[in-house]
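What follows is the content of input-v6.pdb, which has PDB, C-alpha atoms and all ligand atoms:
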ATOM      1  CA  MET A 205     115.702 133.236  41.259
ATOM      2  CA  ASN A 206     114.097 136.244  39.684
ATOM      3  CA  ASP A 207     116.514 138.354  37.630
ATOM      4  CA  LEU A 208     115.559 141.990  38.109
ATOM      5  CA  SER A 209     118.724 143.417  36.590
ATOM      6  CA  GLU A 210     116.904 144.818  33.536
ATOM      7  CA  GLU A 211     114.323 146.609  35.590
ATOM      8  CA  PHE A 212     116.462 147.668  38.524
ATOM      9  CA  GLY A 213     119.953 147.946  37.131
ATOM     10  CA  MET A 214     120.762 145.813  40.186
ATOM     11  CA  VAL A 215     123.671 143.451  40.145
ATOM     12  CA  ARG A 216     122.277 140.992  42.632
ATOM     13  CA  GLU A 217     119.438 138.681  41.763
ATOM     14  CA  LEU A 218     116.513 138.514  44.161
ATOM     15  CA  THR A 219     115.234 135.208  45.385
ATOM     16  CA  LEU A 220     111.614 134.293  44.792
ATOM     17  CA  ASP A 221     110.844 135.168  48.390
ATOM     18  CA  GLU A 222     112.498 138.546  47.985
ATOM     19  CA  ALA A 223     110.615 139.176  44.741
ATOM     20  CA  GLU A 224     107.353 138.400  46.492
ATOM     21  CA  LEU A 225     108.270 140.813  49.227
ATOM     22  CA  LEU A 226     109.109 143.420  46.621
ATOM     23  CA  ASP A 227     105.596 143.080  45.232
ATOM     24  CA  GLU A 228     104.325 143.383  48.786
ATOM     25  CA  LEU A 229     106.369 146.563  49.190
ATOM     26  CA  LEU A 230     105.026 147.990  45.959
ATOM     27  CA  SER A 231     101.455 147.184  46.886
ATOM     28  CA  GLU A 232     102.045 148.915  50.243
ATOM     29  CA  LEU A 233     103.247 151.924  48.299
ATOM     30  CA  GLY A 234     100.043 151.821  46.249
ATOM     31  CA  GLU A 235     101.858 151.791  42.928
ATOM     32  CA  SER A 236     101.843 149.331  40.135
ATOM     33  CA  ARG A 237     105.160 147.558  39.842
ATOM     34  CA  ARG A 238     105.938 148.697  36.296
ATOM     35  CA  LYS A 239     104.974 152.337  36.952
ATOM     36  CA  PHE A 240     106.964 152.472  40.145
ATOM     37  CA  LEU A 241     110.011 150.975  38.497
ATOM     38  CA  GLY A 242     109.815 153.405  35.631
ATOM     39  CA  GLN A 243     109.874 156.395  37.977
ATOM     40  CA  SER A 244     112.640 155.278  40.303
ATOM     41  CA  SER A 245     116.376 155.152  39.981
ATOM     42  CA  ALA A 246     118.161 151.853  40.546
ATOM     43  CA  ALA A 247     119.854 153.220  43.645
ATOM     44  CA  VAL A 248     116.565 154.267  45.218
ATOM     45  CA  LEU A 249     114.993 150.913  44.421
ATOM     46  CA  THR A 250     117.927 149.027  45.827
ATOM     47  CA  ALA A 251     117.873 150.996  49.051
ATOM     48  CA  LEU A 252     114.113 150.588  49.408
ATOM     49  CA  VAL A 253     114.158 146.879  48.788
ATOM     50  CA  VAL A 254     117.090 146.197  51.062
ATOM     51  CA  GLU A 255     115.608 148.230  53.892
ATOM     52  CA  PHE A 256     112.234 146.613  53.473
ATOM     53  CA  LEU A 257     113.692 143.152  53.342
ATOM     54  CA  ALA A 258     115.882 143.852  56.329
ATOM     55  CA  LYS A 259     112.831 144.951  58.261
ATOM     56  CA  LYS A 260     111.135 141.747  57.285
ATOM     57  CA  ASN A 261     114.254 140.031  58.544
ATOM     58  CA  VAL A 262     114.513 137.726  55.596
ATOM     59  CA  LEU A 263     117.791 138.661  53.907
ATOM     60  CA  ALA A 264     119.904 136.579  56.231
ATOM     61  CA  GLY A 265     117.237 133.989  56.805
ATOM     62  CA  THR A 266     117.970 134.131  60.539
ATOM     63  CA  PRO A 267     116.698 136.266  63.377
ATOM     64  CA  SER A 268     118.776 139.374  64.024
ATOM     65  CA  LEU A 269     121.096 139.242  67.039
ATOM     66  CA  ASP A 270     120.681 141.620  69.917
ATOM     67  CA  LEU A 271     124.295 141.946  71.032
ATOM     68  CA  ALA A 272     123.393 144.400  73.758
ATOM     69  CA  SER A 273     121.372 141.739  75.549
ATOM     70  CA  PRO A 274     123.246 138.425  75.450
ATOM     71  CA  PRO A 275     121.175 135.415  76.389
ATOM     72  CA  ALA A 276     121.210 134.512  80.046
ATOM     73  CA  ASP A 277     123.741 131.878  81.078
ATOM     74  CA  GLU A 278     122.435 128.378  81.030
ATOM     75  CA  ASN A 279     123.238 126.425  84.175
ATOM     76  CA  ALA A 280     124.528 129.574  85.853
ATOM     77  CA  VAL A 281     126.715 129.169  88.927
ATOM     78  CA  SER A 282     128.035 131.881  91.208
ATOM     79  CA  VAL A 283     131.783 131.763  91.746
ATOM     80  CA  THR A 284     133.720 133.893  94.210
ATOM     81  CA  PHE A 285     137.482 133.816  93.948
ATOM     82  CA  LYS A 286     140.502 136.043  94.131
ATOM     83  CA  VAL A 287     142.112 137.224  90.933
ATOM     84  CA  ASN A 288     145.456 138.965  91.357
ATOM     85  CA  GLY A 289     144.549 139.683  94.973
ATOM     86  CA  ALA A 290     141.128 141.216  94.319
ATOM     87  CA  GLU A 291     137.976 139.308  95.203
ATOM     88  CA  LYS A 292     135.669 138.704  92.252
ATOM     89  CA  THR A 293     132.198 137.220  92.095
ATOM     90  CA  LEU A 294     130.953 136.021  88.733
ATOM     91  CA  SER A 295     127.816 134.323  87.549
ATOM     92  CA  VAL A 296     129.004 131.967  84.842
ATOM     93  CA  ASP A 297     127.758 129.060  82.834
ATOM     94  CA  SER A 298     128.903 125.941  84.681
ATOM     95  CA  ARG A 299     130.806 124.927  81.540
ATOM     96  CA  MET A 300     132.785 128.158  81.207
ATOM     97  CA  VAL A 301     136.526 127.625  81.506
ATOM     98  CA  LEU A 302     138.742 129.908  83.540
ATOM     99  CA  LEU A 303     140.517 131.244  80.439
ATOM    100  CA  ASP A 304     137.247 132.561  79.012
ATOM    101  CA  ALA A 305     136.185 133.987  82.369
ATOM    102  CA  LEU A 306     139.493 135.834  82.693
ATOM    103  CA  ARG A 307     139.528 137.152  79.151
ATOM    104  CA  GLU A 308     135.859 137.768  78.435
ATOM    105  CA  ARG A 309     134.358 138.489  81.827
ATOM    106  CA  LEU A 310     137.243 140.150  83.650
ATOM    107  CA  GLY A 311     139.074 141.749  80.727
ATOM    108  CA  LEU A 312     142.376 140.080  81.634
ATOM    109  CA  THR A 313     143.593 139.277  78.147
ATOM    110  CA  GLY A 314     147.216 138.554  79.039
ATOM    111  CA  SER A 315     146.511 134.826  79.228
ATOM    112  CA  LYS A 316     146.301 133.587  75.658
ATOM    113  CA  LYS A 317     144.153 131.014  73.916
ATOM    114  CA  GLY A 318     146.545 129.053  71.745
ATOM    115  CA  CYS A 319     145.181 125.564  71.252
ATOM    116  CA  ASP A 320     142.246 125.519  73.725
ATOM    117  CA  HIS A 321     143.101 121.829  74.222
ATOM    118  CA  GLY A 322     145.739 121.794  76.947
ATOM    119  CA  GLN A 323     148.617 121.306  74.557
ATOM    120  CA  CYS A 324     150.447 124.631  74.170
ATOM    121  CA  GLY A 325     150.610 126.245  77.615
ATOM    122  CA  ALA A 326     149.759 129.742  76.354
ATOM    123  CA  CYS A 327     146.886 129.931  78.852
ATOM    124  CA  THR A 328     148.980 129.016  81.928
ATOM    125  CA  VAL A 329     148.057 130.859  85.130
ATOM    126  CA  MET A 330     148.645 130.042  88.780
ATOM    127  CA  MET A 331     145.992 128.801  91.139
ATOM    128  CA  ASP A 332     146.932 128.802  94.808
ATOM    129  CA  GLY A 333     150.559 129.068  93.685
ATOM    130  CA  LYS A 334     150.506 126.101  91.299
ATOM    131  CA  ARG A 335     150.463 126.390  87.538
ATOM    132  CA  VAL A 336     147.288 125.302  85.780
ATOM    133  CA  LEU A 337     146.067 125.356  82.206
ATOM    134  CA  SER A 338     143.183 127.788  82.358
ATOM    135  CA  CYS A 339     141.685 126.422  79.120
ATOM    136  CA  LEU A 340     141.101 123.106  80.898
ATOM    137  CA  THR A 341     140.028 124.537  84.264
ATOM    138  CA  LEU A 342     136.334 125.063  84.872
ATOM    139  CA  THR A 343     135.656 128.430  86.466
ATOM    140  CA  ALA A 344     133.238 126.747  88.859
ATOM    141  CA  THR A 345     136.163 124.837  90.391
ATOM    142  CA  CYS A 346     137.917 128.113  91.249
ATOM    143  CA  HIS A 347     135.445 128.988  93.998
ATOM    144  CA  GLY A 348     137.399 130.062  97.089
ATOM    145  CA  LYS A 349     140.732 129.821  95.255
ATOM    146  CA  SER A 350     143.301 132.475  94.442
ATOM    147  CA  VAL A 351     144.291 132.938  90.802
ATOM    148  CA  THR A 352     147.342 134.860  89.633
ATOM    149  CA  THR A 353     147.692 135.866  86.009
ATOM    150  CA  ILE A 354     150.502 137.612  84.175
ATOM    151  CA  GLU A 355     148.805 140.925  85.036
ATOM    152  CA  GLY A 356     149.290 140.200  88.739
ATOM    153  CA  LEU A 357     153.022 139.453  88.793
ATOM    154  CA  ALA A 358     154.533 142.936  88.736
ATOM    155  CA  LYS A 359     154.443 145.056  91.860
ATOM    156  CA  GLY A 360     153.494 148.463  90.584
ATOM    157  CA  GLU A 361     156.303 149.570  88.280
ATOM    158  CA  SER A 362     158.614 146.764  89.399
ATOM    159  CA  LEU A 363     158.581 143.730  87.175
ATOM    160  CA  HIS A 364     158.711 140.251  88.662
ATOM    161  CA  PRO A 365     162.310 138.940  88.395
ATOM    162  CA  VAL A 366     161.226 136.389  85.770
ATOM    163  CA  GLN A 367     159.585 139.120  83.690
ATOM    164  CA  ALA A 368     162.735 141.239  83.916
ATOM    165  CA  ALA A 369     164.920 138.274  82.945
ATOM    166  CA  PHE A 370     162.757 137.521  79.899
ATOM    167  CA  LEU A 371     163.241 141.118  78.781
ATOM    168  CA  LYS A 372     166.973 141.046  79.444
ATOM    169  CA  HIS A 373     167.527 137.767  77.593
ATOM    170  CA  ASP A 374     165.055 138.388  74.760
ATOM    171  CA  GLY A 375     163.018 135.387  75.858
ATOM    172  CA  PHE A 376     160.360 136.107  73.272
ATOM    173  CA  GLN A 377     159.771 137.240  69.727
ATOM    174  CA  CYS A 378     156.055 137.629  68.925
ATOM    175  CA  GLY A 379     155.199 137.399  72.624
ATOM    176  CA  PHE A 380     152.103 135.238  72.215
ATOM    177  CA  CYS A 381     153.396 132.407  74.384
ATOM    178  CA  THR A 382     155.213 134.708  76.814
ATOM    179  CA  PRO A 383     152.545 135.263  79.513
ATOM    180  CA  GLY A 384     152.101 131.496  79.775
ATOM    181  CA  GLN A 385     155.872 130.913  79.728
ATOM    182  CA  ILE A 386     156.421 133.414  82.528
ATOM    183  CA  CYS A 387     153.597 132.147  84.748
ATOM    184  CA  SER A 388     154.818 128.618  84.165
ATOM    185  CA  ALA A 389     158.424 129.568  84.999
ATOM    186  CA  VAL A 390     157.465 131.397  88.198
ATOM    187  CA  SER A 391     155.525 128.390  89.380
ATOM    188  CA  MET A 392     158.168 125.923  88.193
ATOM    189  CA  LEU A 393     160.887 127.690  90.200
ATOM    190  CA  ASP A 394     158.723 127.298  93.301
ATOM    191  CA  GLU A 395     158.404 123.592  92.497
ATOM    192  CA  ALA A 396     162.193 123.368  92.411
ATOM    193  CA  LYS A 397     162.426 125.160  95.748
ATOM    194  CA  ARG A 398     160.047 122.607  97.223
ATOM    195  CA  GLY A 399     162.149 119.790  95.793
ATOM    196  CA  ASP A 400     159.480 118.448  93.442
ATOM    197  CA  LEU A 401     160.983 115.879  91.076
ATOM    198  CA  SER A 402     160.623 115.851  87.308
ATOM    199  CA  TYR A 403     160.838 113.224  84.587
ATOM    200  CA  VAL A 404     164.580 113.839  84.184
ATOM    201  CA  SER A 405     165.455 114.063  87.883
ATOM    202  CA  THR A 406     168.088 111.448  88.718
ATOM    203  CA  ASP A 407     168.120 111.314  92.515
ATOM    204  CA  PHE A 408     164.758 109.978  93.574
ATOM    205  CA  LYS A 409     165.887 109.222  97.118
ATOM    206  CA  GLN A 410     166.827 112.704  98.134
ATOM    207  CA  LYS A 411     164.618 114.378 100.688
ATOM    208  CA  ALA A 412     162.505 117.215  99.419
ATOM    209  CA  GLN A 413     164.783 120.211  99.371
ATOM    210  CA  ALA A 414     165.612 123.086  97.097
ATOM    211  CA  MET A 415     166.999 121.679  93.879
ATOM    212  CA  GLN A 416     169.678 123.058  91.620
ATOM    213  CA  LEU A 417     168.218 122.753  88.152
ATOM    214  CA  SER A 418     170.313 121.826  85.151
ATOM    215  CA  ASP A 419     169.371 123.180  81.739
ATOM    216  CA  ASP A 420     167.898 119.758  80.975
ATOM    217  CA  GLU A 421     165.715 120.066  84.076
ATOM    218  CA  ILE A 422     164.584 123.550  83.068
ATOM    219  CA  ARG A 423     163.770 122.387  79.546
ATOM    220  CA  GLU A 424     161.862 119.341  80.784
ATOM    221  CA  ARG A 425     159.923 121.292  83.382
ATOM    222  CA  MET A 426     159.005 123.931  80.801
ATOM    223  CA  SER A 427     158.165 121.429  78.078
ATOM    224  CA  GLY A 428     154.421 122.070  78.427
ATOM    225  CA  ASN A 429     154.905 125.595  77.113
ATOM    226  CA  LEU A 430     155.437 125.719  73.378
ATOM    227  CA  CYS A 431     156.968 128.667  71.541
ATOM    228  CA  ARG A 432     156.280 128.781  67.830
ATOM    229  CA  CYS A 433     158.993 131.448  67.470
ATOM    230  CA  GLY A 434     161.579 129.055  68.891
ATOM    231  CA  ALA A 435     162.827 131.410  71.609
ATOM    232  CA  TYR A 436     163.723 128.398  73.761
ATOM    233  CA  PRO A 437     167.474 129.072  74.315
ATOM    234  CA  ASN A 438     166.709 132.586  75.559
ATOM    235  CA  ILE A 439     163.810 131.385  77.705
ATOM    236  CA  VAL A 440     166.116 128.848  79.358
ATOM    237  CA  ALA A 441     168.776 131.541  79.850
ATOM    238  CA  ALA A 442     166.237 133.845  81.526
ATOM    239  CA  ILE A 443     164.974 131.138  83.855
ATOM    240  CA  ARG A 444     168.514 129.972  84.647
ATOM    241  CA  GLU A 445     169.515 133.469  85.680
ATOM    242  CA  VAL A 446     166.600 133.815  88.094
ATOM    243  CA  HIS A 447     167.128 130.282  89.408
ATOM    244  CA  THR A 448     170.860 130.658  90.055
ATOM    245  CA  GLY A 449     170.751 134.322  91.035
ATOM    246  CA  LYS A 450     173.844 134.817  88.879
ATOM    247  CA  SER A 451     173.549 137.650  86.420
ATOM    248  CA  THR A 452     174.771 136.692  82.970
ATOM    249  CA  ASP A 453     175.495 138.753  79.897
ATOM    250  CA  PRO A 454     173.103 137.741  77.092
ATOM    251  CA  MET A 455     175.720 138.642  74.458
ATOM    252  CA  ALA A 456     178.378 136.520  76.135
ATOM    253  CA  MET A 457     175.903 133.644  76.467
ATOM    254  CA  ALA A 458     175.294 133.721  72.724
ATOM    255  CA  PHE A 459     178.818 132.324  72.212
ATOM    256  CA  VAL A 460     178.576 129.611  74.848
ATOM    257  CA  LYS A 461     178.183 126.112  73.466
ATOM    258  CA  GLU A 462     175.079 124.144  74.396
ATOM    259  CA  GLY A 463     175.816 122.176  77.572
ATOM    260  CA  ASP A 464     178.543 124.531  78.802
ATOM    261  CA  HIS A 465     176.201 126.724  80.825
ATOM    262  CA  ALA A 466     176.801 124.873  84.057
ATOM    263  CA  ALA A 467     180.412 126.018  83.991
ATOM    264  CA  ILE A 468     179.475 129.677  83.864
TER     265      ILE A 468
HETATM  266 FE1  LIG A 501     145.456 126.163  76.991
HETATM  267 FE2  LIG A 501     146.808 125.793  74.710
HETATM  268  S1  LIG A 501     145.306 127.298  75.181
HETATM  269  S2  LIG A 501     147.045 124.757  76.602
HETATM  270 FE1  LIG A 502     156.274 133.843  69.662
HETATM  271 FE2  LIG A 502     156.831 132.287  71.743
HETATM  272  S1  LIG A 502     157.557 134.277  71.353
HETATM  273  S2  LIG A 502     155.331 132.011  70.257
END

Could you render the structure from this file as C-alpha cells?
Amino acid sequence: MNDLSEEFGMVRELTLDEAELLDELLSELGESRRKFLGQSSAAVLTALVVEFLAKKNVLAGTPSLDLASPPADENAVSVTFKVNGAEKTLSVDSRMVLLDALRERLGLTGSKKGCDHGQCGACTVMMDGKRVLSCLTLTATCHGKSVTTIEGLAKGESLHPVQAAFLKHDGFQCGFCTPGQICSAVSMLDEAKRGDLSYVSTDFKQKAQAMQLSDDEIRERMSGNLCRCGAYPNIVAAIREVHTGKSTDPMAMAFVKEGDHAAI
C-alpha cells in the first residue's frame, strides 16, 4: 500500500497498482507528480484519480457489469404455457424454475420465495388444477400446461371465496405466506371434493366422493404451508367456512375451544 494521505489529504490508501496508475495519469497530464499535487486540491485529486481508475476498470478488480444487456440464456428452451388464462411463450434457461419465471420474467410477484427448497409452501401455485411448489418445478416442464397463481384467482373485483374468507377471518398477519396458503387451500378443497385421502383419513375403503373435512384433516392437508406469524387457527377457520359453506362469526369463533368447531 502506498499512503498518499500527506500529499492528497485523502483518507483512503491507494494500492500499489493504483499508485502506478496515478503516475500514469500524471504523465498523461504532462505534469510532474510533485508539481501537480502542489497545485491541486485534495478533492480535485480524489475525483481525478477515482475517475481515471474507474475508466481503467481496476478499482473493483472485476469487469463492469452491463445490466442493460444480460448474458444470453445458456441451454435456452422455448416454453409455451398458459398463465392465469393468458398464453405465454418464454425462452428460458432449462434450469430456471417456475417461481423465477413467474416473478422475474412475467412480473407476477405474488408467489413468494421463502425457502427455495420445497419446505415452506410460500411459492405454491396450481398447475392444471393441482397445487405444485413452483420453486421445485422446472419451467421447461410447464410446456402446454396451465398455471394459476394468486393473481389469477379473483374475477375482476370479486375475490375468490377463499381469498374473501382469509380477509374475513384474519388468516394472515405479515401476508408473506398468504398467496401460497390460498393457492394451496383452493387446490386442497378440490382434492377433498374428489375424495382424495390424506395421512389422517380414517376410512380408506370409501369410494372416492366429496369428503367432509375435520379440522384435523384441514390442518394435515395444509401442513406443507408454513406461517411464521402463526396465523394457523384463523387460516383453518377461513378454509372451514369455505368448505362447509356455513358462515361463521370470527369474533364468536375466538371463544370456541379447540376441537369444538364441528359442533358449530
Ligand atoms: Fe418453495 Fe419454500 S419457496 S417451498
Ligand atoms: Fe406472516 Fe404467514 S402471515 S408468515

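Of the residues under consideration (A:Ser427, A:Cys327, A:Leu363, A:Arg335), A:Arg335 shows the shortest atom-to-atom contact distance to Glu395 in chain A when counting only C-alpha atoms.
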
So that each row is one residue of chain A with an atom at most 10 Å from ligand LIG 502 (chain A), can you give its shortest atom pair and the distance in Å to one decimal, using only C-alpha atoms and all ligand atoms, rows by chain and rising number, as JSON lines?
{"residue": "A:Gly318", "atom": "CA", "partner": "A:LIG502", "partner_atom": "S2", "distance": 9.4}
{"residue": "A:Cys324", "atom": "CA", "partner": "A:LIG502", "partner_atom": "S2", "distance": 9.7}
{"residue": "A:Ala326", "atom": "CA", "partner": "A:LIG502", "partner_atom": "S2", "distance": 8.6}
{"residue": "A:Asp374", "atom": "CA", "partner": "A:LIG502", "partner_atom": "S1", "distance": 9.2}
{"residue": "A:Gly375", "atom": "CA", "partner": "A:LIG502", "partner_atom": "S1", "distance": 7.2}
{"residue": "A:Phe376", "atom": "CA", "partner": "A:LIG502", "partner_atom": "S1", "distance": 3.9}
{"residue": "A:Gln377", "atom": "CA", "partner": "A:LIG502", "partner_atom": "S1", "distance": 4.0}
{"residue": "A:Cys378", "atom": "CA", "partner": "A:LIG502", "partner_atom": "FE1", "distance": 3.9}
{"residue": "A:Gly379", "atom": "CA", "partner": "A:LIG502", "partner_atom": "S1", "distance": 4.1}
{"residue": "A:Phe380", "atom": "CA", "partner": "A:LIG502", "partner_atom": "S2", "distance": 5.0}
{"residue": "A:Cys381", "atom": "CA", "partner": "A:LIG502", "partner_atom": "FE2", "distance": 4.3}
{"residue": "A:Thr382", "atom": "CA", "partner": "A:LIG502", "partner_atom": "FE2", "distance": 5.8}
{"residue": "A:Pro383", "atom": "CA", "partner": "A:LIG502", "partner_atom": "FE2", "distance": 9.4}
{"residue": "A:Gly384", "atom": "CA", "partner": "A:LIG502", "partner_atom": "FE2", "distance": 9.4}
{"residue": "A:Gln385", "atom": "CA", "partner": "A:LIG502", "partner_atom": "FE2", "distance": 8.2}
{"residue": "A:Asn429", "atom": "CA", "partner": "A:LIG502", "partner_atom": "FE2", "distance": 8.8}
{"residue": "A:Leu430", "atom": "CA", "partner": "A:LIG502", "partner_atom": "FE2", "distance": 6.9}
{"residue": "A:Cys431", "atom": "CA", "partner": "A:LIG502", "partner_atom": "FE2", "distance": 3.6}
{"residue": "A:Arg432", "atom": "CA", "partner": "A:LIG502", "partner_atom": "S2", "distance": 4.2}
{"residue": "A:Cys433", "atom": "CA", "partner": "A:LIG502", "partner_atom": "FE1", "distance": 4.2}
{"residue": "A:Gly434", "atom": "CA", "partner": "A:LIG502", "partner_atom": "FE2", "distance": 6.4}
{"residue": "A:Ala435", "atom": "CA", "partner": "A:LIG502", "partner_atom": "S1", "distance": 6.0}
{"residue": "A:Tyr436", "atom": "CA", "partner": "A:LIG502", "partner_atom": "FE2", "distance": 8.2}
{"residue": "A:Ile439", "atom": "CA", "partner": "A:LIG502", "partner_atom": "FE2", "distance": 9.2}

Long-range neighbours of range 283-300 of chain A as number ranges by chain, 9 Å cut-off, all atoms listed in the file, 3 positions minimum in chain: A: 276-280, 303-306, 309-310, 341-357

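Applied to the shown file, the PyMOL selection byres (((not hetatm)) within 7 of (chain A and resi 501)) selects the residues Lys316, Lys317, Gly318, Cys319, Asp320, His321, Gly322, Gln323, Cys324, Gly325, Ala326, Cys327, Thr328, Leu337, Ser338, Cys339 and Leu340 of chain A.
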
Rank A:Glu308, A:Asp453, A:Asp332, A:Glu445 by their smallest atom-to-atom distance to Ala369 in chain A, using all atoms listed in the file, and report the top residue only. A:Glu445
